[in-house]
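Next comes target-v5.cif, a file with mmCIF, C-alpha atoms, pLDDT in the B column; chains and numbers go by the auth columns.
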```
data_start
#
loop_
_atom_site.group_PDB
_atom_site.id
_atom_site.type_symbol
_atom_site.label_atom_id
_atom_site.label_comp_id
_atom_site.label_asym_id
_atom_site.label_seq_id
_atom_site.Cartn_x
_atom_site.Cartn_y
_atom_site.Cartn_z
_atom_site.B_iso_or_equiv
_atom_site.auth_seq_id
_atom_site.auth_asym_id
ATOM 1 C CA MET A 1 -12.559 -37.754 -20.203 45.00 1 A
ATOM 2 C CA LYS A 2 -12.079 -34.573 -22.161 44.00 2 A
ATOM 3 C CA ARG A 3 -11.383 -31.564 -19.961 54.00 3 A
ATOM 4 C CA ASN A 4 -13.619 -28.609 -20.631 52.00 4 A
ATOM 5 C CA ASN A 5 -13.272 -25.008 -19.573 49.00 5 A
ATOM 6 C CA ILE A 6 -15.835 -24.975 -16.767 49.00 6 A
ATOM 7 C CA GLY A 7 -13.009 -24.126 -14.351 43.00 7 A
ATOM 8 C CA GLN A 8 -13.456 -20.461 -15.133 45.00 8 A
ATOM 9 C CA ALA A 9 -16.917 -20.686 -13.581 64.00 9 A
ATOM 10 C CA LEU A 10 -15.584 -21.681 -10.149 84.00 10 A
ATOM 11 C CA THR A 11 -16.805 -19.070 -7.700 86.00 11 A
ATOM 12 C CA GLY A 12 -13.898 -19.663 -5.350 89.00 12 A
ATOM 13 C CA ALA A 13 -11.349 -18.953 -8.092 89.00 13 A
ATOM 14 C CA ARG A 14 -12.981 -15.621 -8.902 87.00 14 A
ATOM 15 C CA GLN A 15 -13.080 -14.619 -5.231 87.00 15 A
ATOM 16 C CA LEU A 16 -9.483 -15.649 -4.571 88.00 16 A
ATOM 17 C CA ARG A 17 -8.317 -13.893 -7.720 86.00 17 A
ATOM 18 C CA SER A 18 -9.985 -10.669 -6.581 82.00 18 A
ATOM 19 C CA LEU A 19 -8.172 -10.935 -3.231 77.00 19 A
ATOM 20 C CA SER A 20 -4.824 -11.467 -4.913 73.00 20 A
ATOM 21 C CA LEU A 21 -5.101 -8.671 -7.481 67.00 21 A
ATOM 22 C CA GLY A 22 -2.978 -5.719 -6.552 57.00 22 A
ATOM 23 C CA GLY A 23 -1.123 -7.713 -3.906 63.00 23 A
ATOM 24 C CA LYS A 24 -3.915 -7.539 -1.287 68.00 24 A
ATOM 25 C CA VAL A 25 -2.920 -10.875 0.265 74.00 25 A
ATOM 26 C CA ALA A 26 0.358 -11.118 2.183 75.00 26 A
ATOM 27 C CA LEU A 27 1.741 -14.367 0.786 80.00 27 A
ATOM 28 C CA GLY A 28 5.399 -15.246 0.804 81.00 28 A
ATOM 29 C CA PRO A 29 7.100 -16.246 -2.438 84.00 29 A
ATOM 30 C CA HIS A 30 6.561 -19.982 -1.915 86.00 30 A
ATOM 31 C CA ALA A 31 2.821 -19.655 -1.238 85.00 31 A
ATOM 32 C CA LYS A 32 2.406 -17.064 -4.019 87.00 32 A
ATOM 33 C CA THR A 33 3.870 -19.432 -6.610 91.00 33 A
ATOM 34 C CA LEU A 34 1.552 -22.234 -5.467 93.00 34 A
ATOM 35 C CA PHE A 35 -1.394 -19.801 -5.358 91.00 35 A
ATOM 36 C CA ASP A 36 -0.858 -18.738 -8.979 91.00 36 A
ATOM 37 C CA ASP A 37 -0.528 -22.372 -10.080 95.00 37 A
ATOM 38 C CA MET A 38 -3.708 -23.291 -8.164 95.00 38 A
ATOM 39 C CA LEU A 39 -5.740 -20.612 -9.961 93.00 39 A
ATOM 40 C CA ALA A 40 -4.329 -21.715 -13.329 94.00 40 A
ATOM 41 C CA ALA A 41 -5.247 -25.327 -12.516 95.00 41 A
ATOM 42 C CA ALA A 42 -8.792 -24.273 -11.568 94.00 42 A
ATOM 43 C CA ASP A 43 -9.138 -22.266 -14.776 91.00 43 A
ATOM 44 C CA ASN A 44 -8.063 -25.254 -16.846 92.00 44 A
ATOM 45 C CA GLY A 45 -10.283 -27.875 -15.237 91.00 45 A
ATOM 46 C CA LEU A 46 -7.472 -29.604 -13.335 94.00 46 A
ATOM 47 C CA TYR A 47 -9.608 -30.145 -10.287 94.00 47 A
ATOM 48 C CA ALA A 48 -7.591 -32.764 -8.395 94.00 48 A
ATOM 49 C CA THR A 49 -4.577 -30.480 -8.783 96.00 49 A
ATOM 50 C CA THR A 50 -6.635 -27.515 -7.573 97.00 50 A
ATOM 51 C CA ILE A 51 -7.640 -29.394 -4.410 96.00 51 A
ATOM 52 C CA ILE A 52 -4.100 -30.571 -3.708 97.00 52 A
ATOM 53 C CA LEU A 53 -2.640 -27.102 -4.192 97.00 53 A
ATOM 54 C CA ALA A 54 -5.342 -25.411 -2.093 97.00 54 A
ATOM 55 C CA ALA A 55 -4.524 -27.663 0.871 96.00 55 A
ATOM 56 C CA THR A 56 -0.812 -27.147 0.349 95.00 56 A
ATOM 57 C CA ILE A 57 -1.257 -23.375 0.253 93.00 57 A
ATOM 58 C CA ALA A 58 -3.147 -23.491 3.544 92.00 58 A
ATOM 59 C CA ASP A 59 -0.244 -25.361 5.140 89.00 59 A
ATOM 60 C CA VAL A 60 2.412 -23.086 3.646 87.00 60 A
ATOM 61 C CA ALA A 61 0.548 -19.851 4.436 81.00 61 A
ATOM 62 C CA LEU A 62 0.285 -20.876 8.083 77.00 62 A
ATOM 63 C CA HIS A 63 4.014 -21.606 8.345 74.00 63 A
ATOM 64 C CA GLU A 64 5.742 -19.281 5.890 68.00 64 A
ATOM 65 C CA GLY A 65 7.176 -16.081 7.313 56.00 65 A
ATOM 66 C CA ASP A 66 8.578 -15.314 10.718 48.00 66 A
ATOM 67 C CA ASP A 67 8.132 -17.647 13.670 48.00 67 A
ATOM 68 C CA GLU A 68 6.063 -15.148 15.674 47.00 68 A
ATOM 69 C CA ALA A 69 3.295 -15.166 13.053 46.00 69 A
ATOM 70 C CA GLU A 70 3.059 -18.952 12.869 46.00 70 A
ATOM 71 C CA GLY A 71 -0.464 -20.161 13.536 48.00 71 A
ATOM 72 C CA HIS A 72 -1.768 -16.593 13.426 54.00 72 A
ATOM 73 C CA GLY A 73 -4.206 -17.307 10.590 56.00 73 A
ATOM 74 C CA LEU A 74 -6.205 -19.966 12.412 68.00 74 A
ATOM 75 C CA SER A 75 -6.790 -17.826 15.493 73.00 75 A
ATOM 76 C CA PHE A 76 -9.096 -15.542 13.499 80.00 76 A
ATOM 77 C CA LEU A 77 -11.116 -18.310 11.867 86.00 77 A
ATOM 78 C CA THR A 78 -14.512 -19.456 13.086 90.00 78 A
ATOM 79 C CA ALA A 79 -15.164 -23.094 13.943 92.00 79 A
ATOM 80 C CA PRO A 80 -16.932 -23.707 10.580 94.00 80 A
ATOM 81 C CA GLU A 81 -14.003 -22.093 8.727 93.00 81 A
ATOM 82 C CA ARG A 82 -11.544 -24.369 10.549 91.00 82 A
ATOM 83 C CA LYS A 83 -13.777 -27.340 9.707 95.00 83 A
ATOM 84 C CA GLY A 84 -13.570 -26.291 6.069 94.00 84 A
ATOM 85 C CA LEU A 85 -9.774 -26.433 6.230 94.00 85 A
ATOM 86 C CA ASP A 86 -9.966 -29.823 7.975 94.00 86 A
ATOM 87 C CA TRP A 87 -12.211 -31.094 5.159 95.00 87 A
ATOM 88 C CA LEU A 88 -9.735 -29.709 2.630 96.00 88 A
ATOM 89 C CA ARG A 89 -6.790 -31.478 4.256 95.00 89 A
ATOM 90 C CA GLY A 90 -8.750 -34.738 4.376 94.00 90 A
ATOM 91 C CA ARG A 91 -9.834 -34.432 0.744 94.00 91 A
ATOM 92 C CA ARG A 92 -6.251 -33.731 -0.356 95.00 92 A
ATOM 93 C CA ASN A 93 -4.977 -36.696 1.647 93.00 93 A
ATOM 94 C CA GLY A 94 -7.567 -38.950 0.023 92.00 94 A
ATOM 95 C CA LEU A 95 -6.301 -37.892 -3.394 91.00 95 A
ATOM 96 C CA VAL A 96 -2.560 -38.205 -2.790 91.00 96 A
ATOM 97 C CA HIS A 97 -2.365 -41.145 -0.356 90.00 97 A
ATOM 98 C CA TYR A 98 -4.010 -43.986 -2.223 84.00 98 A
ATOM 99 C CA GLU A 99 -5.981 -46.218 0.096 79.00 99 A
ATOM 100 C CA GLY A 100 -8.568 -47.357 -2.408 75.00 100 A
ATOM 101 C CA VAL A 101 -11.017 -45.708 -4.749 72.00 101 A
ATOM 102 C CA VAL A 102 -12.128 -42.232 -3.688 79.00 102 A
ATOM 103 C CA GLU A 103 -15.014 -40.175 -4.981 80.00 103 A
ATOM 104 C CA GLY A 104 -14.242 -38.283 -8.150 78.00 104 A
ATOM 105 C CA MET A 105 -11.378 -40.473 -9.291 81.00 105 A
ATOM 106 C CA GLY A 106 -13.269 -43.041 -11.363 77.00 106 A
ATOM 107 C CA GLY A 107 -12.662 -41.349 -14.698 81.00 107 A
ATOM 108 C CA GLY A 108 -16.303 -40.846 -15.648 82.00 108 A
ATOM 109 C CA GLU A 109 -18.143 -37.638 -16.387 86.00 109 A
ATOM 110 C CA SER A 110 -19.923 -37.681 -13.028 86.00 110 A
ATOM 111 C CA ASP A 111 -16.536 -38.093 -11.334 84.00 111 A
ATOM 112 C CA TYR A 112 -15.210 -35.086 -13.190 87.00 112 A
ATOM 113 C CA HIS A 113 -18.163 -32.970 -12.067 90.00 113 A
ATOM 114 C CA SER A 114 -17.784 -34.246 -8.500 92.00 114 A
ATOM 115 C CA LEU A 115 -14.146 -33.138 -8.552 93.00 115 A
ATOM 116 C CA ALA A 116 -15.219 -29.759 -9.954 93.00 116 A
ATOM 117 C CA ARG A 117 -17.616 -29.272 -7.031 94.00 117 A
ATOM 118 C CA ASP A 118 -14.947 -30.314 -4.560 95.00 118 A
ATOM 119 C CA ALA A 119 -12.389 -28.018 -6.197 96.00 119 A
ATOM 120 C CA ASP A 120 -14.745 -25.096 -5.743 96.00 120 A
ATOM 121 C CA ARG A 121 -15.344 -26.146 -2.139 96.00 121 A
ATOM 122 C CA ALA A 122 -11.565 -26.331 -1.654 97.00 122 A
ATOM 123 C CA LEU A 123 -11.147 -22.797 -2.982 96.00 123 A
ATOM 124 C CA GLN A 124 -14.040 -21.556 -0.846 95.00 124 A
ATOM 125 C CA SER A 125 -12.422 -23.186 2.207 95.00 125 A
ATOM 126 C CA LEU A 126 -9.214 -21.290 1.507 93.00 126 A
ATOM 127 C CA ILE A 127 -10.862 -17.843 1.255 91.00 127 A
ATOM 128 C CA PRO A 128 -11.261 -17.143 5.010 91.00 128 A
ATOM 129 C CA LEU A 129 -7.602 -17.991 5.625 89.00 129 A
ATOM 130 C CA MET A 130 -6.517 -15.751 2.755 87.00 130 A
ATOM 131 C CA GLU A 131 -8.674 -12.950 4.156 85.00 131 A
ATOM 132 C CA THR A 132 -6.783 -13.176 7.460 83.00 132 A
ATOM 133 C CA LEU A 133 -3.608 -12.554 5.466 77.00 133 A
ATOM 134 C CA GLU A 134 -5.074 -9.562 3.624 68.00 134 A
ATOM 135 C CA TYR A 135 -3.219 -6.270 3.837 58.00 135 A
ATOM 136 C CA PHE A 136 -5.303 -3.448 5.280 45.00 136 A
#
```

Written form, structure tokens:
Amino acid sequence: MKRNNIGQALTGARQLRSLSLGGKVALGPHAKTLFDDMLAAADNGLYATTIILAATIADVALHEGDDEAEGHGLSFLTAPERKGLDWLRGRRNGLVHYEGVVEGMGGGESDYHSLARDADRALQSLIPLMETLEYF
């Protein structure tokens, strides 16, 4: 399947990029490196990679930094926002821990578009967490 450049149309990537411009989001160096790679993956149509990195960033952002701040990000999220992060973790696990065929991994055009939708959902799920880390 030839990768196209529809990644630039992902709404979540645009929103996350606007949060990160000018250093508005307080990410540590580990999460920042993953964040930049995630946006590059989204821009280049690497949707499985985008999903995997989005879930990883959520985990790192919640644990990177001093021990007093650990878990801080989730306390400000609504129940639907937490559910979004749970979906993201489950989707990532389905991609990296092979337990049989999962949606989007069949190699066809419809699979590619399914992964694109899920990549955008992954990015959208990450936005509320990133907003809790935003500098004021």

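The shell of residues at most 10 Å from Ala48 of chain A, with all atoms listed in the file counted and near chain neighbours (fewer than 4 positions) removed, consists of Ala41, Ala42, Ile52, Leu53, Ala54, Arg91, Arg92, Leu95, Val96, Gly104, Met105, Tyr112, Leu115, Ala116, Asp118 and Ala119 of chain A.
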
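Relative to atom CA of Phe76 of chain A, atom CA of Thr132 of chain A is found at 6.9 Å.
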
So which residues touch segment 24-39 of chain A within 10 Å, counting only C-alpha atoms, skipping near sequence neighbours fewer than 6 positions away, as a ChimeraX atom specification?
-> /A:7-8,10,12-14,16-18,46-47,49-54,56-65,123,130-136

For atom CA of Arg89 of chain A and atom CA of Leu129 of chain A, determine how far apart the two atoms are, in Å to one decimal place.
->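 Between atom CA of Arg89 of chain A and atom CA of Leu129 of chain A the gap works out to 13.6 Å.
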